$ cat entry-v8.pdb   # PDB, C-alpha atoms and all ligand atoms
ATOM      1  CA  MET A 142       0.000   0.000   0.000  1.00  0.00           C
ATOM      2  CA  MET A 143       1.501   3.371  -0.963  1.00  0.00           C
ATOM      3  CA  ASN A 144       2.096   6.046   1.683  1.00  0.00           C
ATOM      4  CA  LEU A 145      -1.263   7.804   1.478  1.00  0.00           C
ATOM      5  CA  LYS A 146      -0.139  10.871   3.473  1.00  0.00           C
ATOM      6  CA  ARG A 147       2.573  11.531   0.890  1.00  0.00           C
ATOM      7  CA  CYS A 148       0.040  11.101  -1.901  1.00  0.00           C
ATOM      8  CA  LEU A 149      -2.282  13.690  -0.364  1.00  0.00           C
ATOM      9  CA  ARG A 150       0.309  16.516  -0.556  1.00  0.00           C
ATOM     10  CA  VAL A 151      -0.706  18.026  -3.917  1.00  0.00           C
ATOM     11  CA  TYR A 152      -4.082  16.558  -4.915  1.00  0.00           C
ATOM     12  CA  LEU A 153      -5.569  17.866  -8.183  1.00  0.00           C
ATOM     13  CA  ILE A 154      -9.308  17.432  -8.668  1.00  0.00           C
ATOM     14  CA  MET A 155     -10.694  18.169 -12.121  1.00  0.00           C
ATOM     15  CA  GLY A 156     -13.482  17.393 -14.597  1.00  0.00           C
ATOM     16  CA  SER A 157     -13.899  18.457 -18.228  1.00  0.00           C
ATOM     17  CA  ASN A 158     -15.978  21.492 -17.190  1.00  0.00           C
ATOM     18  CA  ASN A 159     -13.311  22.913 -14.856  1.00  0.00           C
ATOM     19  CA  THR A 160     -11.173  24.099 -17.782  1.00  0.00           C
ATOM     20  CA  VAL A 161     -11.770  25.595 -21.222  1.00  0.00           C
ATOM     21  CA  ARG A 162      -8.726  23.636 -22.477  1.00  0.00           C
ATOM     22  CA  ASP A 163      -8.366  19.954 -23.317  1.00  0.00           C
ATOM     23  CA  PRO A 164      -8.527  18.341 -19.839  1.00  0.00           C
ATOM     24  CA  LEU A 165      -5.929  15.740 -20.809  1.00  0.00           C
ATOM     25  CA  SER A 166      -3.358  18.383 -21.664  1.00  0.00           C
ATOM     26  CA  VAL A 167      -4.084  20.236 -18.411  1.00  0.00           C
ATOM     27  CA  LEU A 168      -3.728  16.960 -16.498  1.00  0.00           C
ATOM     28  CA  GLU A 169      -0.425  16.106 -18.225  1.00  0.00           C
ATOM     29  CA  GLU A 170       0.978  19.552 -17.391  1.00  0.00           C
ATOM     30  CA  ALA A 171      -0.080  19.134 -13.758  1.00  0.00           C
ATOM     31  CA  LEU A 172       1.516  15.679 -13.625  1.00  0.00           C
ATOM     32  CA  LYS A 173       4.756  17.134 -15.005  1.00  0.00           C
ATOM     33  CA  GLY A 174       4.523  19.843 -12.350  1.00  0.00           C
ATOM     34  CA  GLY A 175       4.429  17.213  -9.625  1.00  0.00           C
ATOM     35  CA  ILE A 176       0.867  16.587  -8.438  1.00  0.00           C
ATOM     36  CA  THR A 177       0.858  13.569  -6.143  1.00  0.00           C
ATOM     37  CA  LEU A 178      -2.770  12.402  -6.578  1.00  0.00           C
ATOM     38  CA  PHE A 179      -5.561  13.009  -9.092  1.00  0.00           C
ATOM     39  CA  GLN A 180      -9.345  12.836  -8.769  1.00  0.00           C
ATOM     40  CA  TYR A 181     -11.611  12.781 -11.830  1.00  0.00           C
ATOM     41  CA  ARG A 182     -14.701  14.740 -10.724  1.00  0.00           C
ATOM     42  CA  GLU A 183     -17.163  15.031 -13.632  1.00  0.00           C
ATOM     43  CA  LYS A 184     -19.994  17.070 -12.099  1.00  0.00           C
ATOM     44  CA  GLY A 185     -22.172  20.168 -12.638  1.00  0.00           C
ATOM     45  CA  ALA A 186     -23.033  22.071 -15.820  1.00  0.00           C
ATOM     46  CA  ASN A 187     -22.184  20.232 -19.096  1.00  0.00           C
ATOM     47  CA  ALA A 188     -20.700  17.297 -17.200  1.00  0.00           C
ATOM     48  CA  LYS A 189     -20.040  14.278 -19.411  1.00  0.00           C
ATOM     49  CA  VAL A 190     -22.065  11.114 -18.849  1.00  0.00           C
ATOM     50  CA  GLY A 191     -22.060   7.500 -20.056  1.00  0.00           C
ATOM     51  CA  GLN A 192     -19.532   6.330 -22.663  1.00  0.00           C
ATOM     52  CA  GLU A 193     -17.969   9.782 -23.113  1.00  0.00           C
ATOM     53  CA  LYS A 194     -17.311  10.053 -19.371  1.00  0.00           C
ATOM     54  CA  LYS A 195     -15.906   6.503 -19.253  1.00  0.00           C
ATOM     55  CA  GLU A 196     -13.565   7.099 -22.180  1.00  0.00           C
ATOM     56  CA  LEU A 197     -12.166  10.309 -20.692  1.00  0.00           C
ATOM     57  CA  ALA A 198     -11.768   8.541 -17.331  1.00  0.00           C
ATOM     58  CA  MET A 199      -9.768   5.715 -18.948  1.00  0.00           C
ATOM     59  CA  LYS A 200      -7.476   8.164 -20.782  1.00  0.00           C
ATOM     60  CA  MET A 201      -6.906  10.136 -17.558  1.00  0.00           C
ATOM     61  CA  LYS A 202      -6.163   6.956 -15.629  1.00  0.00           C
ATOM     62  CA  ARG A 203      -3.590   5.845 -18.220  1.00  0.00           C
ATOM     63  CA  LEU A 204      -1.964   9.286 -18.074  1.00  0.00           C
ATOM     64  CA  CYS A 205      -1.761   9.263 -14.255  1.00  0.00           C
ATOM     65  CA  HIS A 206      -0.234   5.770 -14.254  1.00  0.00           C
ATOM     66  CA  LYS A 207       2.349   6.894 -16.840  1.00  0.00           C
ATOM     67  CA  TYR A 208       3.525   9.321 -14.113  1.00  0.00           C
ATOM     68  CA  SER A 209       3.012   6.767 -11.273  1.00  0.00           C
ATOM     69  CA  VAL A 210       0.239   8.904  -9.735  1.00  0.00           C
ATOM     70  CA  PRO A 211      -2.860   7.154  -8.339  1.00  0.00           C
ATOM     71  CA  PHE A 212      -6.187   7.837 -10.087  1.00  0.00           C
ATOM     72  CA  ILE A 213      -9.351   8.400  -7.995  1.00  0.00           C
ATOM     73  CA  VAL A 214     -12.934   8.725  -9.267  1.00  0.00           C
ATOM     74  CA  ASN A 215     -15.409  11.070  -7.562  1.00  0.00           C
ATOM     75  CA  ASP A 216     -18.829   9.646  -6.547  1.00  0.00           C
ATOM     76  CA  ASP A 217     -19.150   7.039  -9.322  1.00  0.00           C
ATOM     77  CA  VAL A 218     -18.156   3.737  -7.647  1.00  0.00           C
ATOM     78  CA  LEU A 219     -19.348   1.621 -10.584  1.00  0.00           C
ATOM     79  CA  LEU A 220     -17.175   3.564 -13.036  1.00  0.00           C
ATOM     80  CA  ALA A 221     -14.208   3.305 -10.670  1.00  0.00           C
ATOM     81  CA  LEU A 222     -14.593  -0.474 -10.514  1.00  0.00           C
ATOM     82  CA  GLU A 223     -15.248  -0.815 -14.250  1.00  0.00           C
ATOM     83  CA  ILE A 224     -12.049   0.950 -15.301  1.00  0.00           C
ATOM     84  CA  GLY A 225      -9.796  -0.275 -12.472  1.00  0.00           C
ATOM     85  CA  ALA A 226      -9.325   3.059 -10.705  1.00  0.00           C
ATOM     86  CA  ASP A 227      -7.114   3.171  -7.608  1.00  0.00           C
ATOM     87  CA  GLY A 228      -9.986   4.469  -5.472  1.00  0.00           C
ATOM     88  CA  VAL A 229     -13.077   6.609  -5.035  1.00  0.00           C
ATOM     89  CA  HIS A 230     -13.992   9.770  -3.198  1.00  0.00           C
ATOM     90  CA  VAL A 231     -17.541  10.044  -1.849  1.00  0.00           C
ATOM     91  CA  GLY A 232     -19.565  12.739  -0.120  1.00  0.00           C
ATOM     92  CA  GLN A 233     -21.919  12.547   2.848  1.00  0.00           C
ATOM     93  CA  ASP A 234     -24.872  11.780   0.548  1.00  0.00           C
ATOM     94  CA  ASP A 235     -23.104   9.181  -1.628  1.00  0.00           C
ATOM     95  CA  GLU A 236     -22.650   5.432  -1.241  1.00  0.00           C
ATOM     96  CA  ILE A 237     -21.444   4.471   2.256  1.00  0.00           C
ATOM     97  CA  VAL A 238     -17.929   3.196   2.880  1.00  0.00           C
ATOM     98  CA  ALA A 239     -19.055  -0.248   4.061  1.00  0.00           C
ATOM     99  CA  SER A 240     -20.886  -1.009   0.830  1.00  0.00           C
ATOM    100  CA  ILE A 241     -17.980   0.314  -1.254  1.00  0.00           C
ATOM    101  CA  LYS A 242     -15.538  -1.911   0.660  1.00  0.00           C
ATOM    102  CA  ALA A 243     -17.771  -4.904  -0.051  1.00  0.00           C
ATOM    103  CA  GLN A 244     -17.444  -4.318  -3.823  1.00  0.00           C
ATOM    104  CA  CYS A 245     -13.861  -3.128  -4.207  1.00  0.00           C
ATOM    105  CA  PRO A 246     -10.339  -4.631  -4.116  1.00  0.00           C
ATOM    106  CA  LYS A 247      -8.797  -4.611  -0.621  1.00  0.00           C
ATOM    107  CA  ASP A 248      -6.155  -1.934  -1.386  1.00  0.00           C
ATOM    108  CA  PHE A 249      -8.762   0.365  -2.954  1.00  0.00           C
ATOM    109  CA  ILE A 250      -8.461   3.940  -1.629  1.00  0.00           C
ATOM    110  CA  ILE A 251     -11.698   5.312  -0.141  1.00  0.00           C
ATOM    111  CA  GLY A 252     -11.885   9.046   0.627  1.00  0.00           C
ATOM    112  CA  VAL A 253     -14.798  10.780   2.323  1.00  0.00           C
ATOM    113  CA  SER A 254     -15.802  14.466   2.340  1.00  0.00           C
ATOM    114  CA  THR A 255     -16.263  15.947   5.816  1.00  0.00           C
ATOM    115  CA  THR A 256     -17.055  19.410   7.136  1.00  0.00           C
ATOM    116  CA  ASN A 257     -17.007  18.906  10.924  1.00  0.00           C
ATOM    117  CA  SER A 258     -15.779  16.618  13.703  1.00  0.00           C
ATOM    118  CA  GLN A 259     -18.960  14.599  13.810  1.00  0.00           C
ATOM    119  CA  GLU A 260     -18.674  13.662  10.128  1.00  0.00           C
ATOM    120  CA  ALA A 261     -14.923  13.103  10.508  1.00  0.00           C
ATOM    121  CA  ASN A 262     -15.431  10.751  13.457  1.00  0.00           C
ATOM    122  CA  GLN A 263     -18.028   8.806  11.511  1.00  0.00           C
ATOM    123  CA  ALA A 264     -15.629   8.483   8.562  1.00  0.00           C
ATOM    124  CA  VAL A 265     -12.968   7.032  10.893  1.00  0.00           C
ATOM    125  CA  LYS A 266     -15.494   4.545  12.295  1.00  0.00           C
ATOM    126  CA  ASP A 267     -16.580   3.598   8.760  1.00  0.00           C
ATOM    127  CA  GLY A 268     -12.975   2.843   7.782  1.00  0.00           C
ATOM    128  CA  ALA A 269     -12.270   5.697   5.345  1.00  0.00           C
ATOM    129  CA  ASP A 270      -8.616   5.774   4.187  1.00  0.00           C
ATOM    130  CA  TYR A 271      -8.513   9.581   4.165  1.00  0.00           C
ATOM    131  CA  ILE A 272     -10.892  12.512   4.588  1.00  0.00           C
ATOM    132  CA  GLY A 273     -11.301  15.694   2.582  1.00  0.00           C
ATOM    133  CA  VAL A 274     -11.857  18.564   5.005  1.00  0.00           C
ATOM    134  CA  GLY A 275     -13.540  21.771   3.981  1.00  0.00           C
ATOM    135  CA  PRO A 276     -14.475  24.021   2.402  1.00  0.00           C
ATOM    136  CA  ILE A 277     -11.594  25.905   4.056  1.00  0.00           C
ATOM    137  CA  TYR A 278     -12.240  29.145   2.173  1.00  0.00           C
ATOM    138  CA  ALA A 279     -15.050  30.463  -0.010  1.00  0.00           C
ATOM    139  CA  THR A 280     -15.194  28.989  -3.499  1.00  0.00           C
ATOM    140  CA  ASP A 281     -17.546  29.187  -6.453  1.00  0.00           C
ATOM    141  CA  THR A 282     -16.235  25.998  -8.055  1.00  0.00           C
ATOM    142  CA  LYS A 283     -18.750  23.767  -6.276  1.00  0.00           C
ATOM    143  CA  GLU A 284     -22.404  24.747  -6.614  1.00  0.00           C
ATOM    144  CA  ASP A 285     -23.854  23.472  -3.319  1.00  0.00           C
ATOM    145  CA  VAL A 286     -20.813  24.289  -1.202  1.00  0.00           C
ATOM    146  CA  LYS A 287     -21.199  24.609   2.599  1.00  0.00           C
ATOM    147  CA  LEU A 288     -19.968  27.524   4.746  1.00  0.00           C
ATOM    148  CA  PRO A 289     -16.155  27.802   5.019  1.00  0.00           C
ATOM    149  CA  ILE A 290     -14.630  26.241   8.164  1.00  0.00           C
ATOM    150  CA  GLY A 291     -11.255  28.010   8.034  1.00  0.00           C
ATOM    151  CA  LEU A 292      -7.966  26.873   9.570  1.00  0.00           C
ATOM    152  CA  GLU A 293      -9.727  26.469  12.925  1.00  0.00           C
ATOM    153  CA  GLY A 294     -11.925  23.838  11.300  1.00  0.00           C
ATOM    154  CA  VAL A 295      -8.867  21.925  10.075  1.00  0.00           C
ATOM    155  CA  ALA A 296      -7.240  22.052  13.533  1.00  0.00           C
ATOM    156  CA  GLU A 297     -10.415  20.894  15.256  1.00  0.00           C
ATOM    157  CA  ILE A 298     -10.902  17.957  12.906  1.00  0.00           C
ATOM    158  CA  ARG A 299      -7.204  17.007  13.201  1.00  0.00           C
ATOM    159  CA  SER A 300      -7.626  16.891  17.010  1.00  0.00           C
ATOM    160  CA  THR A 301     -10.622  14.596  16.541  1.00  0.00           C
ATOM    161  CA  VAL A 302      -9.333  12.044  14.020  1.00  0.00           C
ATOM    162  CA  GLY A 303      -5.808  11.443  15.369  1.00  0.00           C
ATOM    163  CA  ASP A 304      -3.442  10.220  12.659  1.00  0.00           C
ATOM    164  CA  LEU A 305      -5.982   9.705   9.853  1.00  0.00           C
ATOM    165  CA  PRO A 306      -4.737  11.201   6.547  1.00  0.00           C
ATOM    166  CA  ILE A 307      -6.409  14.589   5.959  1.00  0.00           C
ATOM    167  CA  VAL A 308      -6.489  16.735   2.821  1.00  0.00           C
ATOM    168  CA  ALA A 309      -7.884  20.263   2.918  1.00  0.00           C
ATOM    169  CA  ILE A 310     -10.147  21.576   0.152  1.00  0.00           C
ATOM    170  CA  GLY A 311     -11.996  24.703  -0.862  1.00  0.00           C
ATOM    171  CA  GLY A 312     -10.762  27.989  -2.309  1.00  0.00           C
ATOM    172  CA  ILE A 313      -7.124  27.020  -1.735  1.00  0.00           C
ATOM    173  CA  LYS A 314      -4.372  29.080  -3.370  1.00  0.00           C
ATOM    174  CA  THR A 315      -0.583  28.920  -3.043  1.00  0.00           C
ATOM    175  CA  SER A 316      -0.480  31.575  -0.307  1.00  0.00           C
ATOM    176  CA  HIS A 317      -2.747  29.439   1.915  1.00  0.00           C
ATOM    177  CA  VAL A 318      -0.614  26.288   1.926  1.00  0.00           C
ATOM    178  CA  ALA A 319       1.742  26.948   4.849  1.00  0.00           C
ATOM    179  CA  GLY A 320      -1.115  27.812   7.217  1.00  0.00           C
ATOM    180  CA  ILE A 321      -3.135  24.770   6.165  1.00  0.00           C
ATOM    181  CA  ILE A 322      -0.243  22.358   6.797  1.00  0.00           C
ATOM    182  CA  GLN A 323       0.489  24.133  10.093  1.00  0.00           C
ATOM    183  CA  ALA A 324      -3.163  23.620  11.092  1.00  0.00           C
ATOM    184  CA  GLY A 325      -2.734  19.850  10.676  1.00  0.00           C
ATOM    185  CA  ALA A 326      -3.599  18.828   7.108  1.00  0.00           C
ATOM    186  CA  ASP A 327      -1.289  16.401   5.251  1.00  0.00           C
ATOM    187  CA  GLY A 328      -1.880  18.185   1.944  1.00  0.00           C
ATOM    188  CA  VAL A 329      -4.116  20.368  -0.174  1.00  0.00           C
ATOM    189  CA  SER A 330      -6.613  19.490  -2.891  1.00  0.00           C
ATOM    190  CA  VAL A 331      -7.410  22.088  -5.526  1.00  0.00           C
ATOM    191  CA  ILE A 332      -9.532  22.489  -8.628  1.00  0.00           C
ATOM    192  CA  SER A 333      -9.176  26.036 -10.009  1.00  0.00           C
ATOM    193  CA  ALA A 334      -5.695  26.852  -8.639  1.00  0.00           C
ATOM    194  CA  ILE A 335      -4.255  24.353 -11.129  1.00  0.00           C
ATOM    195  CA  SER A 336      -6.971  23.689 -13.745  1.00  0.00           C
ATOM    196  CA  GLN A 337      -7.464  27.402 -14.431  1.00  0.00           C
ATOM    197  CA  ALA A 338      -3.841  28.498 -14.089  1.00  0.00           C
ATOM    198  CA  LYS A 339      -2.036  29.993 -17.102  1.00  0.00           C
ATOM    199  CA  SER A 340       0.511  27.235 -16.566  1.00  0.00           C
ATOM    200  CA  PRO A 341      -0.901  24.222 -14.682  1.00  0.00           C
ATOM    201  CA  LYS A 342       2.652  22.847 -14.583  1.00  0.00           C
ATOM    202  CA  ILE A 343       4.046  25.901 -12.776  1.00  0.00           C
ATOM    203  CA  ALA A 344       1.005  26.054 -10.467  1.00  0.00           C
ATOM    204  CA  ALA A 345       1.468  22.397  -9.482  1.00  0.00           C
ATOM    205  CA  ARG A 346       5.221  22.872  -9.036  1.00  0.00           C
ATOM    206  CA  GLN A 347       4.691  25.905  -6.768  1.00  0.00           C
ATOM    207  CA  LEU A 348       2.257  23.988  -4.549  1.00  0.00           C
ATOM    208  CA  ALA A 349       4.605  20.976  -4.418  1.00  0.00           C
ATOM    209  CA  SER A 350       7.540  23.206  -3.449  1.00  0.00           C
ATOM    210  CA  LEU A 351       5.610  24.422  -0.392  1.00  0.00           C
ATOM    211  CA  ILE A 352       4.797  20.973   1.002  1.00  0.00           C
ATOM    212  CA  ASN A 353       7.873  18.987   2.027  1.00  0.00           C
ATOM    213  CA  PRO A 354       7.695  15.233   1.554  1.00  0.00           C
ATOM    214  CA  SER A 355       7.089  14.000   5.094  1.00  0.00           C
TER
HETATM  215  C1  LIG B 401     -15.187  19.861  -4.523  1.00  0.00           C
HETATM  216  C2  LIG B 401     -15.185  20.835  -3.397  1.00  0.00           C
HETATM  217  N1  LIG B 401     -15.554  20.462  -2.124  1.00  0.00           N
HETATM  218  C3  LIG B 401     -15.504  21.440  -1.214  1.00  0.00           C
HETATM  219  S1  LIG B 401     -14.990  22.902  -1.960  1.00  0.00           S
HETATM  220  C4  LIG B 401     -14.826  22.171  -3.520  1.00  0.00           C
HETATM  221  C5  LIG B 401     -14.370  22.911  -4.725  1.00  0.00           C
HETATM  222  C6  LIG B 401     -12.896  23.208  -4.667  1.00  0.00           C
HETATM  223  O1  LIG B 401     -12.554  23.936  -5.833  1.00  0.00           O
HETATM  224  P1  LIG B 401     -11.467  25.104  -5.770  1.00  0.00           P
HETATM  225  O2  LIG B 401     -10.151  24.467  -5.414  1.00  0.00           O
HETATM  226  O3  LIG B 401     -11.468  25.679  -7.177  1.00  0.00           O
HETATM  227  O4  LIG B 401     -11.957  26.068  -4.736  1.00  0.00           O
HETATM  228  C1  LIG B 402     -15.879  17.202  -2.130  1.00  0.00           C
HETATM  229  C2  LIG B 402     -14.614  16.741  -2.000  1.00  0.00           C
HETATM  230  C3  LIG B 402     -13.876  16.918  -0.784  1.00  0.00           C
HETATM  231  N1  LIG B 402     -12.612  16.465  -0.692  1.00  0.00           N
HETATM  232  C4  LIG B 402     -12.016  15.834  -1.736  1.00  0.00           C
HETATM  233  C5  LIG B 402     -10.605  15.360  -1.575  1.00  0.00           C
HETATM  234  N2  LIG B 402     -12.653  15.633  -2.902  1.00  0.00           N
HETATM  235  C6  LIG B 402     -13.929  16.047  -3.102  1.00  0.00           C
HETATM  236  N3  LIG B 402     -14.506  15.847  -4.205  1.00  0.00           N
HETATM  237 MG    MG B 403     -20.419  13.223  -3.978  1.00  0.00          MG
END

$ encode --input "entry-v8.pdb" --output "structure tokens"
Amino acid sequence: MMNLKRCLRVYLIMGSNNTVRDPLSVLEEALKGGITLFQYREKGANAKVGQEKKELAMKMKRLCHKYSVPFIVNDDVLLALEIGADGVHVGQDDEIVASIKAQCPKDFIIGVSTTNSQEANQAVKDGADYIGVGPIYATDTKEDVKLPIGLEGVAEIRSTVGDLPIVAIGGIKTSHVAGIIQAGADGVSVISAISQAKSPKIAARQLASLINPS
């Protein structure tokens, strides 16, 4: 099993509607810049579905594996299983961890979105491999986003979950990284900071330079 905390350091999340460019070229630039984990999150306006979504997912997975970066699928457990993804990330209203574990290979990575200590505790009990914690700051990337929890929210959840791998999410830019790691996260996950950067490679490299391999 890979060192999940190291993988969570620079975690790009992207779907085809998070960039006006070809998502595969944005992903390849980010991989060259040193992202450590990727999540395919095809959601919201003009999101792909069916065969088109599956084909893009397979191309993205192949690209990630070319750079030895694990490939995670958001929400869609069936797609993740079908294409042999390395894991899934689910929210509070998605399939529960126990039923995912029953269907997936034993070293499958299962991430859960949490916003507070109660949800974080439940994720630990359910056997999540890591939790996404946020939104840390305001963001307009996710339509139904909850109120920001700030660095205090990260610190509180860290004090609740002990050593569980934690990645922060929500409105994160380069200038936020030091404070977020200081507050107790193992890494940062971003959508727009990389997918909408002039140079996704430079954006990824800057984030990676701020988070020392533990
Ligand atoms: C998926 C998700 N979950 C909480 S905030 C968010 C969106 C993060 O996007 P950005 O990094 O552009 O703020
Ligand atoms: C909502 C989310 C929260 N956290 C992570 C890591 N991914 C997500 N899609
Ligand atoms: Mg979800």

$ closest_atom_pairs --input "entry-v8.pdb" --of "chain A" --to "ligand MG 403 (chain B)" --cutoff "10 Å" --atoms "only C-alpha atoms and all ligand atoms" --output "Markdown table"
| residue | atom | partner | partner_atom | distance |
| --- | --- | --- | --- | --- |
| A:Arg182 | CA | B:MG403 | MG | 9.0 |
| A:Lys184 | CA | B:MG403 | MG | 9.0 |
| A:Asn215 | CA | B:MG403 | MG | 6.5 |
| A:Asp216 | CA | B:MG403 | MG | 4.7 |
| A:Asp217 | CA | B:MG403 | MG | 8.3 |
| A:Val229 | CA | B:MG403 | MG | 9.9 |
| A:His230 | CA | B:MG403 | MG | 7.3 |
| A:Val231 | CA | B:MG403 | MG | 4.8 |
| A:Gly232 | CA | B:MG403 | MG | 4.0 |
| A:Gln233 | CA | B:MG403 | MG | 7.0 |
| A:Asp234 | CA | B:MG403 | MG | 6.5 |
| A:Asp235 | CA | B:MG403 | MG | 5.4 |
| A:Glu236 | CA | B:MG403 | MG | 8.6 |
| A:Val253 | CA | B:MG403 | MG | 8.8 |
| A:Ser254 | CA | B:MG403 | MG | 7.9 |

$ closest_residue --input "entry-v8.pdb" --among "A:Val286, A:Ala334, A:Leu197, A:Val161" --to "ligand LIG 402 (chain B)" --atoms "all atoms listed in the file"
A:Val286

$ resolve_selection --input "entry-v8.pdb" --expression "the PyMOL selection byres (((not hetatm)) within 9 of (chain B and resi 402))" --output "MDAnalysis selection string"
chainID A and resid 149 152:154 180:182 214:216 230:232 252:256 271:276 283 286 307:311 329:331

$ axis_aligned_box --input "entry-v8.pdb" --around "ligand LIG 401 (chain B)" --padding-each-side "4 Å" --output "JSON"
{"center_x": -12.9, "center_y": 23.0, "center_z": -4.2, "size_x": 13.4, "size_y": 14.2, "size_z": 14.0}

$ closest_residue --input "entry-v8.pdb" --among "A:Thr315, A:Ser333, A:Gln347, A:Ser166" --to "ligand LIG 401 (chain B)" --atoms "only C-alpha atoms and all ligand atoms"
A:Ser333

$ closest_residue --input "entry-v8.pdb" --among "A:Gly312, A:Pro211, A:Gly225, A:Pro289" --to "Arg147 in chain A" --atoms "all atoms listed in the file"
A:Pro211

$ closest_residue --input "entry-v8.pdb" --among "A:Asp327, A:Asp163, A:Asp285, A:Glu260" --to "ligand LIG 401 (chain B)" --atoms "all atoms listed in the file"
A:Asp285

$ closest_residue --input "entry-v8.pdb" --among "A:Ala344, A:Ile321, A:Leu145, A:Leu351" --to "Ile251 in chain A" --atoms "all atoms listed in the file"
A:Leu145

$ atom_distance --input "entry-v8.pdb" --atom1 "CA of Lys207 in chain A" --atom2 "CA of Lys342 in chain A"
16.1 Å

$ resolve_selection --input "entry-v8.pdb" --expression "the PyMOL selection byres (((chain A and resi 220) around 12) and not hetatm)" --output "ChimeraX atom specification"
/A:181-183,190-199,202,213-219,221-229,245

$ write_last_selection --input "entry-v8.pdb" --atoms "C-alpha atoms" --output "PDB file, in the frame of the given file"
ATOM      1  CA  TYR A 181     -11.611  12.781 -11.830  1.00  0.00           C
ATOM      2  CA  ARG A 182     -14.701  14.740 -10.724  1.00  0.00           C
ATOM      3  CA  GLU A 183     -17.163  15.031 -13.632  1.00  0.00           C
ATOM      4  CA  VAL A 190     -22.065  11.114 -18.849  1.00  0.00           C
ATOM      5  CA  GLY A 191     -22.060   7.500 -20.056  1.00  0.00           C
ATOM      6  CA  GLN A 192     -19.532   6.330 -22.663  1.00  0.00           C
ATOM      7  CA  GLU A 193     -17.969   9.782 -23.113  1.00  0.00           C
ATOM      8  CA  LYS A 194     -17.311  10.053 -19.371  1.00  0.00           C
ATOM      9  CA  LYS A 195     -15.906   6.503 -19.253  1.00  0.00           C
ATOM     10  CA  GLU A 196     -13.565   7.099 -22.180  1.00  0.00           C
ATOM     11  CA  LEU A 197     -12.166  10.309 -20.692  1.00  0.00           C
ATOM     12  CA  ALA A 198     -11.768   8.541 -17.331  1.00  0.00           C
ATOM     13  CA  MET A 199      -9.768   5.715 -18.948  1.00  0.00           C
ATOM     14  CA  LYS A 202      -6.163   6.956 -15.629  1.00  0.00           C
ATOM     15  CA  ILE A 213      -9.351   8.400  -7.995  1.00  0.00           C
ATOM     16  CA  VAL A 214     -12.934   8.725  -9.267  1.00  0.00           C
ATOM     17  CA  ASN A 215     -15.409  11.070  -7.562  1.00  0.00           C
ATOM     18  CA  ASP A 216     -18.829   9.646  -6.547  1.00  0.00           C
ATOM     19  CA  ASP A 217     -19.150   7.039  -9.322  1.00  0.00           C
ATOM     20  CA  VAL A 218     -18.156   3.737  -7.647  1.00  0.00           C
ATOM     21  CA  LEU A 219     -19.348   1.621 -10.584  1.00  0.00           C
ATOM     22  CA  ALA A 221     -14.208   3.305 -10.670  1.00  0.00           C
ATOM     23  CA  LEU A 222     -14.593  -0.474 -10.514  1.00  0.00           C
ATOM     24  CA  GLU A 223     -15.248  -0.815 -14.250  1.00  0.00           C
ATOM     25  CA  ILE A 224     -12.049   0.950 -15.301  1.00  0.00           C
ATOM     26  CA  GLY A 225      -9.796  -0.275 -12.472  1.00  0.00           C
ATOM     27  CA  ALA A 226      -9.325   3.059 -10.705  1.00  0.00           C
ATOM     28  CA  ASP A 227      -7.114   3.171  -7.608  1.00  0.00           C
ATOM     29  CA  GLY A 228      -9.986   4.469  -5.472  1.00  0.00           C
ATOM     30  CA  VAL A 229     -13.077   6.609  -5.035  1.00  0.00           C
ATOM     31  CA  CYS A 245     -13.861  -3.128  -4.207  1.00  0.00           C
TER      32      CYS A 245
END

$ closest_residue --input "entry-v8.pdb" --among "A:Ala186, A:Leu168, A:Ile335, A:Ile176" --to "ligand LIG 401 (chain B)" --atoms "only C-alpha atoms and all ligand atoms"
A:Ile335

$ build_atoms --input "entry-v8.pdb" --residues "range 344-350 of chain A" --atoms "N, CA, C and O atoms" --output "mmCIF file, in the frame of the given file"
data_model
loop_
_atom_site.group_PDB
_atom_site.id
_atom_site.type_symbol
_atom_site.label_atom_id
_atom_site.label_comp_id
_atom_site.auth_asym_id
_atom_site.auth_seq_id
_atom_site.Cartn_x
_atom_site.Cartn_y
_atom_site.Cartn_z
ATOM 1 N N ALA A 344 1.894 26.004 -11.652
ATOM 2 C CA ALA A 344 1.005 26.054 -10.467
ATOM 3 C C ALA A 344 1.200 24.813 -9.600
ATOM 4 O O ALA A 344 1.334 24.906 -8.380
ATOM 5 N N ALA A 345 1.261 23.653 -10.236
ATOM 6 C CA ALA A 345 1.468 22.397 -9.482
ATOM 7 C C ALA A 345 2.837 22.402 -8.817
ATOM 8 O O ALA A 345 2.986 22.046 -7.642
ATOM 9 N N ARG A 346 3.851 22.870 -9.564
ATOM 10 C CA ARG A 346 5.221 22.872 -9.036
ATOM 11 C C ARG A 346 5.331 23.799 -7.824
ATOM 12 O O ARG A 346 5.980 23.469 -6.828
ATOM 13 N N GLN A 347 4.648 24.951 -7.892
ATOM 14 C CA GLN A 347 4.691 25.905 -6.768
ATOM 15 C C GLN A 347 4.068 25.275 -5.523
ATOM 16 O O GLN A 347 4.636 25.327 -4.430
ATOM 17 N N LEU A 348 2.915 24.628 -5.704
ATOM 18 C CA LEU A 348 2.257 23.988 -4.549
ATOM 19 C C LEU A 348 3.159 22.885 -3.983
ATOM 20 O O LEU A 348 3.370 22.792 -2.775
ATOM 21 N N ALA A 349 3.749 22.085 -4.879
ATOM 22 C CA ALA A 349 4.605 20.976 -4.418
ATOM 23 C C ALA A 349 5.818 21.507 -3.655
ATOM 24 O O ALA A 349 6.256 20.911 -2.667
ATOM 25 N N SER A 350 6.324 22.648 -4.090
ATOM 26 C CA SER A 350 7.540 23.206 -3.449
ATOM 27 C C SER A 350 7.244 23.670 -2.022
ATOM 28 O O SER A 350 8.142 23.772 -1.196
#
